[in-house]
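File shown: run-v3.cif. Contents: mmCIF, C-alpha atoms.
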```cif
data_model
#
loop_
_atom_site.label_atom_id
_atom_site.label_comp_id
_atom_site.auth_asym_id
_atom_site.auth_seq_id
_atom_site.Cartn_x
_atom_site.Cartn_y
_atom_site.Cartn_z
CA MET R 1 2.69 -13.12 -14.58
CA LEU R 2 2.43 -9.93 -12.57
CA THR R 3 -0.55 -8.98 -10.42
CA VAL R 4 0.66 -5.51 -9.44
CA ASP R 5 0.89 -2.57 -11.86
CA PHE R 6 4.31 -1.07 -11.13
CA ASP R 7 3.40 2.23 -12.74
CA ARG R 8 0.45 2.67 -10.37
CA LEU R 9 2.68 1.68 -7.49
CA GLY R 10 5.03 4.48 -8.59
CA LEU R 11 8.24 2.46 -8.62
CA GLU R 12 11.28 4.43 -9.80
CA PRO R 13 14.88 3.33 -10.39
CA GLY R 14 16.76 3.44 -7.10
CA ASP R 15 13.65 2.88 -4.96
CA ARG R 16 13.86 0.40 -2.11
CA LEU R 17 11.12 -2.22 -2.57
CA LEU R 18 9.97 -4.92 -0.17
CA ASP R 19 8.19 -7.92 -1.71
CA LEU R 20 6.45 -9.54 1.27
CA GLY R 21 5.46 -13.17 0.85
CA ALA R 22 7.55 -13.16 -2.29
CA GLY R 23 7.29 -16.89 -2.97
CA PHE R 24 9.46 -17.56 -6.00
CA GLY R 25 9.90 -13.84 -6.56
CA ARG R 26 7.95 -12.70 -9.63
CA HIS R 27 7.34 -9.16 -8.34
CA ALA R 28 10.81 -8.82 -6.85
CA PHE R 29 12.31 -9.81 -10.22
CA GLU R 30 10.35 -7.09 -12.02
CA ALA R 31 11.45 -4.48 -9.47
CA PHE R 32 15.08 -5.58 -9.89
CA ARG R 33 14.67 -5.40 -13.68
CA ARG R 34 13.38 -1.83 -13.32
CA GLY R 35 16.42 -0.69 -11.35
CA ALA R 36 15.17 -0.89 -7.76
CA THR R 37 16.77 -2.37 -4.69
CA ALA R 38 14.48 -5.37 -4.34
CA ILE R 39 14.20 -7.35 -1.12
CA ALA R 40 12.21 -10.59 -1.27
CA VAL R 41 10.85 -11.73 2.11
CA ASP R 42 9.27 -15.10 2.77
CA LEU R 43 9.17 -17.84 5.39
CA GLY R 44 10.15 -20.58 2.93
CA ARG R 45 13.87 -21.24 2.55
CA ASP R 46 13.49 -23.10 -0.74
CA GLU R 47 11.61 -20.16 -2.25
CA LEU R 48 14.23 -17.69 -1.05
CA GLN R 49 17.09 -19.77 -2.43
CA ALA R 50 15.30 -19.91 -5.77
CA CYS R 51 14.93 -16.11 -5.64
CA ASN R 52 18.65 -15.67 -5.00
CA ASN R 53 19.49 -17.99 -7.90
CA THR R 54 17.28 -16.00 -10.25
CA PHE R 55 18.64 -12.65 -9.03
CA ALA R 56 22.17 -13.90 -9.77
CA ALA R 57 21.18 -15.19 -13.21
CA MET R 58 19.47 -11.90 -14.08
CA ALA R 59 22.53 -9.89 -13.06
CA GLN R 60 24.85 -12.17 -15.01
CA ALA R 61 22.65 -11.90 -18.10
CA GLY R 62 22.55 -8.10 -17.88
CA GLN R 63 18.78 -8.02 -17.41
CA CYS R 64 18.89 -5.24 -14.81
CA PRO R 65 20.76 -1.92 -14.44
CA ALA R 66 24.22 -2.14 -12.91
CA GLU R 67 23.16 0.01 -9.95
CA ALA R 68 20.17 -2.21 -9.08
CA MET R 69 20.47 -4.57 -6.12
CA ALA R 70 18.48 -7.56 -4.88
CA ALA R 71 18.48 -9.97 -1.97
CA SER R 72 16.19 -12.33 -0.10
CA VAL R 73 15.50 -12.40 3.64
CA GLN R 74 13.64 -14.96 5.73
CA GLY R 75 11.16 -13.21 7.99
CA SER R 76 7.65 -12.95 9.40
CA ALA R 77 5.12 -10.33 8.35
CA LEU R 78 4.42 -9.70 12.03
CA GLN R 79 8.03 -8.87 12.93
CA LEU R 80 10.01 -7.69 9.95
CA PRO R 81 13.81 -7.50 10.38
CA PHE R 82 14.09 -3.97 8.97
CA ALA R 83 14.44 -0.46 10.32
CA THR R 84 11.54 1.98 10.46
CA ALA R 85 10.92 3.73 7.11
CA ALA R 86 13.38 1.42 5.35
CA PHE R 87 11.38 1.13 2.10
CA ASP R 88 9.87 3.40 -0.55
CA ARG R 89 7.47 0.78 -1.99
CA ILE R 90 5.96 -2.43 -0.67
CA ILE R 91 4.15 -5.28 -2.39
CA ALA R 92 2.21 -7.82 -0.32
CA SER R 93 0.77 -10.20 -2.92
CA GLU R 94 -1.57 -13.04 -1.90
CA VAL R 95 -0.28 -13.11 1.68
CA LEU R 96 -2.78 -11.35 4.00
CA GLU R 97 -5.41 -14.05 3.53
CA HIS R 98 -2.99 -16.46 5.25
CA ILE R 99 -2.46 -14.30 8.37
CA ASP R 100 -4.80 -14.34 11.39
CA ARG R 101 -3.54 -10.97 12.65
CA ASP R 102 -3.74 -9.22 9.30
CA VAL R 103 -4.06 -5.68 10.68
CA ASP R 104 -0.98 -6.24 12.86
CA ALA R 105 0.87 -7.30 9.72
CA LEU R 106 -0.32 -4.17 7.93
CA ARG R 107 0.85 -2.01 10.84
CA GLU R 108 4.26 -3.64 10.58
CA LEU R 109 4.31 -2.78 6.88
CA ALA R 110 3.40 0.81 7.77
CA ARG R 111 6.33 0.88 10.17
CA VAL R 112 8.90 -0.10 7.54
CA LEU R 113 7.40 2.06 4.75
CA ARG R 114 8.50 5.69 4.66
CA PRO R 115 5.83 8.39 5.05
CA GLY R 116 4.39 9.03 1.60
CA GLY R 117 5.59 5.67 0.33
CA THR R 118 3.21 3.41 -1.56
CA LEU R 119 1.91 -0.09 -0.99
CA ALA R 120 0.14 -2.60 -3.22
CA VAL R 121 -1.80 -5.38 -1.50
CA THR R 122 -3.35 -8.21 -3.49
CA VAL R 123 -5.83 -10.77 -2.16
CA PRO R 124 -8.09 -13.33 -3.84
CA GLY R 125 -11.20 -11.75 -5.37
CA TRP R 126 -14.34 -12.26 -3.28
CA LEU R 127 -16.41 -14.20 -5.83
CA ALA R 128 -13.52 -16.37 -7.00
CA GLU R 129 -12.60 -17.18 -3.41
CA ILE R 130 -16.05 -17.76 -1.94
CA VAL R 131 -16.85 -20.32 -4.65
CA CYS R 132 -13.58 -22.15 -3.90
CA TRP R 133 -14.49 -22.27 -0.20
CA LYS R 134 -17.93 -23.67 -0.99
CA LEU R 135 -16.65 -26.25 -3.47
CA SER R 136 -13.88 -27.65 -1.29
CA GLU R 137 -13.28 -27.82 2.44
CA ASP R 138 -9.72 -28.89 1.63
CA TYR R 139 -8.99 -25.56 -0.06
CA HIS R 140 -8.82 -23.41 3.06
CA TYR R 141 -7.73 -23.37 6.71
CA PRO R 142 -7.85 -25.41 8.93
CA ALA R 143 -7.93 -28.30 6.46
CA VAL R 144 -4.77 -27.04 4.76
CA LYS R 145 -1.58 -25.97 6.54
CA ASP R 146 -1.03 -22.25 5.92
CA GLY R 147 -4.40 -22.12 4.15
CA HIS R 148 -6.61 -19.10 3.65
CA VAL R 149 -8.18 -17.89 6.89
CA ARG R 150 -10.63 -15.32 5.48
CA VAL R 151 -12.32 -14.00 2.35
CA TYR R 152 -12.01 -10.26 1.75
CA THR R 153 -14.27 -7.82 0.04
CA ALA R 154 -12.56 -4.77 -1.45
CA VAL R 155 -14.33 -2.57 1.11
CA GLU R 156 -13.07 -4.69 4.02
CA LEU R 157 -9.52 -4.61 2.71
CA ARG R 158 -9.55 -0.83 2.31
CA ASN R 159 -10.92 -0.45 5.86
CA ARG R 160 -8.12 -2.61 7.24
CA LEU R 161 -5.55 -0.57 5.37
CA ARG R 162 -6.95 2.67 6.79
CA SER R 163 -6.90 1.26 10.32
CA ALA R 164 -3.20 0.46 9.89
CA GLY R 165 -2.22 3.95 8.71
CA PHE R 166 -2.65 3.81 4.94
CA GLU R 167 -4.82 5.83 2.60
CA PRO R 168 -6.09 3.76 -0.36
CA PHE R 169 -5.97 5.57 -3.71
CA GLY R 170 -6.53 2.89 -6.34
CA LEU R 171 -8.16 -0.45 -7.06
CA GLY R 172 -7.27 -3.06 -9.65
CA ALA R 173 -8.07 -6.64 -10.62
CA ALA R 174 -6.25 -9.42 -12.44
CA HIS R 175 -6.15 -13.01 -13.64
CA GLY R 176 -9.80 -13.72 -14.44
CA LEU R 177 -8.69 -16.56 -16.71
CA HIS R 178 -7.26 -18.32 -13.66
CA THR R 179 -10.52 -18.33 -11.68
CA PRO R 180 -12.16 -21.27 -13.54
CA TYR R 181 -8.93 -23.24 -13.10
CA TRP R 182 -9.19 -23.01 -9.32
CA TRP R 183 -12.91 -23.72 -9.35
CA LEU R 184 -12.17 -26.82 -11.41
CA ARG R 185 -9.47 -27.97 -9.00
CA CYS R 186 -11.77 -27.46 -6.04
CA ALA R 187 -14.58 -29.37 -7.80
CA VAL R 188 -12.51 -32.45 -8.67
CA GLY R 189 -10.38 -32.36 -5.50
CA ILE R 190 -7.76 -29.76 -4.71
CA ALA R 191 -4.97 -32.37 -4.69
CA ARG R 192 -5.98 -33.82 -8.09
CA GLU R 193 -3.48 -31.93 -10.23
CA ASP R 194 -3.29 -35.06 -12.39
CA HIS R 195 -6.98 -34.89 -13.37
CA ARG R 196 -7.26 -34.66 -17.15
CA TRP R 197 -9.45 -31.54 -17.06
CA VAL R 198 -7.11 -29.83 -14.63
CA ARG R 199 -4.08 -30.72 -16.75
CA ALA R 200 -5.83 -29.47 -19.88
CA TYR R 201 -6.72 -26.13 -18.32
CA HIS R 202 -3.22 -25.80 -16.92
CA ARG R 203 -1.80 -26.23 -20.42
CA LEU R 204 -4.09 -23.41 -21.55
CA LEU R 205 -2.75 -21.12 -18.81
CA VAL R 206 0.86 -21.96 -19.65
CA TRP R 207 0.14 -21.23 -23.32
CA ASP R 208 -1.43 -17.92 -22.37
CA ILE R 209 1.55 -16.88 -20.22
CA ALA R 210 4.12 -17.96 -22.82
CA ARG R 211 2.44 -16.70 -25.99
CA ARG R 212 -0.19 -14.18 -24.83
CA PRO R 213 -2.46 -14.82 -27.85
CA PHE R 214 -5.31 -12.41 -28.55
CA VAL R 215 -8.05 -14.93 -27.78
CA THR R 216 -6.89 -15.68 -24.22
CA HIS R 217 -5.93 -12.05 -23.63
CA LEU R 218 -9.48 -11.01 -24.51
CA ALA R 219 -10.99 -13.82 -22.41
CA ASP R 220 -8.85 -12.80 -19.44
CA ARG R 221 -9.98 -9.16 -19.69
CA ILE R 222 -13.64 -10.18 -19.79
CA LEU R 223 -13.36 -12.72 -16.97
CA THR R 224 -11.37 -10.29 -14.83
CA ARG R 225 -14.27 -7.85 -14.94
CA LEU R 226 -16.68 -10.59 -13.87
CA MET R 227 -14.71 -12.78 -11.48
CA ALA R 228 -11.14 -11.61 -10.90
CA LYS R 229 -8.87 -14.13 -9.23
CA SER R 230 -6.96 -11.29 -7.57
CA VAL R 231 -7.96 -7.83 -6.35
CA VAL R 232 -5.30 -5.16 -5.85
CA VAL R 233 -5.57 -2.15 -3.54
CA TYR R 234 -2.98 0.62 -3.91
CA ALA R 235 -2.41 2.78 -0.85
CA ARG R 236 -0.13 5.50 0.45
CA HIS R 237 1.44 5.58 3.89
CA ASP R 238 -0.29 8.41 5.71
CA ASN R 239 1.74 9.15 8.86
CA THR R 240 -1.01 11.48 10.08
CA THR R 241 -3.43 8.53 10.49
CA SER R 242 -4.02 7.62 14.10
CA GLY R 243 -4.01 3.85 13.46
CA SER R 244 -7.35 3.10 15.08
CA THR R 245 -8.67 -0.44 14.98
CA ASP R 246 -11.83 0.40 13.03
CA GLY R 247 -12.51 -2.32 10.46
CA ALA R 248 -10.03 -4.72 12.05
CA ALA R 249 -12.60 -7.27 13.13
#
```

Show the structure stored in the file as structure tokens.
Amino acid sequence: MLTVDFDRLGLEPGDRLLDLGAGFGRHAFEAFRRGATAIAVDLGRDELQACNNTFAAMAQAGQCPAEAMAASVQGSALQLPFATAAFDRIIASEVLEHIDRDVDALRELARVLRPGGTLAVTVPGWLAEIVCWKLSEDYHYPAVKDGHVRVYTAVELRNRLRSAGFEPFGLGAAHGLHTPYWWLRCAVGIAREDHRWVRAYHRLLVWDIARRPFVTHLADRILTRLMAKSVVVYARHDNTTSGSTDGAA
């Protein structure tokens, strides 16, 4: 289940792609499948080990071009262990909302992205997220370790990107069908994954991902227009930008 449109990102075979906050690696896997050198970065060792296992299985099964490469690296968004201009493309999916110093993290991404390279940042959609915050105090920081520290509007996110040296050029949205699931979890108790309504909705989402039937595909498109779970901003590294702090508050 991808959030980022790789065609809008401009990924080409042979590109060097950083997947920041990769988790279990869904975007890194797609980049690897498309022939890129994909580097998954996360703080969680279990997630990175799972990424490595999947990379190895994909290579063994011939699911990616022979020249493609992939690896995982443990690292912080605020101090990435890479050289300046090391990457052609970067994805930061559902990670900025966890970071207090989000503009500093974006500046670090600008450092490791080559001039003219492209970035896709995804964050929770404003409406989907604000309802979750209002329904459950246990959903966000400080109640939850590594919880969400802010709610973005698309305008605020674009301003932060500009302040870090990027020029936004596109906006997308995704996963509207997932928004009611998270509202439901927040309403019954965020830890109540065993609740019968939550389990029922989860089965619906699994069915949608596995089968992609017309009815849920249509519902997702409609709900994404109304209450997207994720918003995506596409931006280009503009090395002529001064990197002022406007919009960083």

Using all atoms listed in the file, which residue out of R:Met69, R:Leu78, R:Ala85, R:Ala120 lies closest to R:Gly10? R:Ala120

For a quick check of understanding, using all atoms listed in the file, which of R:Ile91, R:Ala174, R:Ala61, R:Trp183 has the smallest distance to R:Leu106? R:Ile91

Using all atoms listed in the file for the distances, tell me which of R:Val231, R:Cys186, R:His178, R:Val123 is nearest to R:Thr216. R:His178

Report as number ranges by chain the residues that result from applying the PyMOL selection byres ((chain R and resi 217) around 12) to the structure here. R: 174-178, 204-205, 207-216, 218-224

Evaluating the PyMOL selection byres ((chain R and resi 37) around 7) on the displayed file yields which residues, as a ChimeraX atom specification? /R:14-17,32,35-36,38-39,68-70

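Atom CA of R:Glu156 sits 18.4 Å away from atom CA of R:Asp238.
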
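Applied to the file shown here, the PyMOL selection byres ((chain R and resi 77) around 8) selects Leu20, Gly75, Ser76, Leu78, Gln79, Leu80, Ala105, Glu108 and Leu109 of chain R.
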
Neighbouring residues of R:Gln74 were defined as those with any atom within 9 Å, considering all atoms listed in the file; residues of the same chain fewer than 2 positions away were excluded. Please report them as a ChimeraX atom specification. /R:40-45,48,72,76,81

In Å, with one decimal, what is the gap from atom CA of R:Glu167 to atom CA of R:Asp100? 22.0 Å

Just checking: using all atoms listed in the file, which residue out of R:Ala128, R:Thr84, R:Ala31, R:Leu171 ends up closest to R:Leu226? R:Ala128
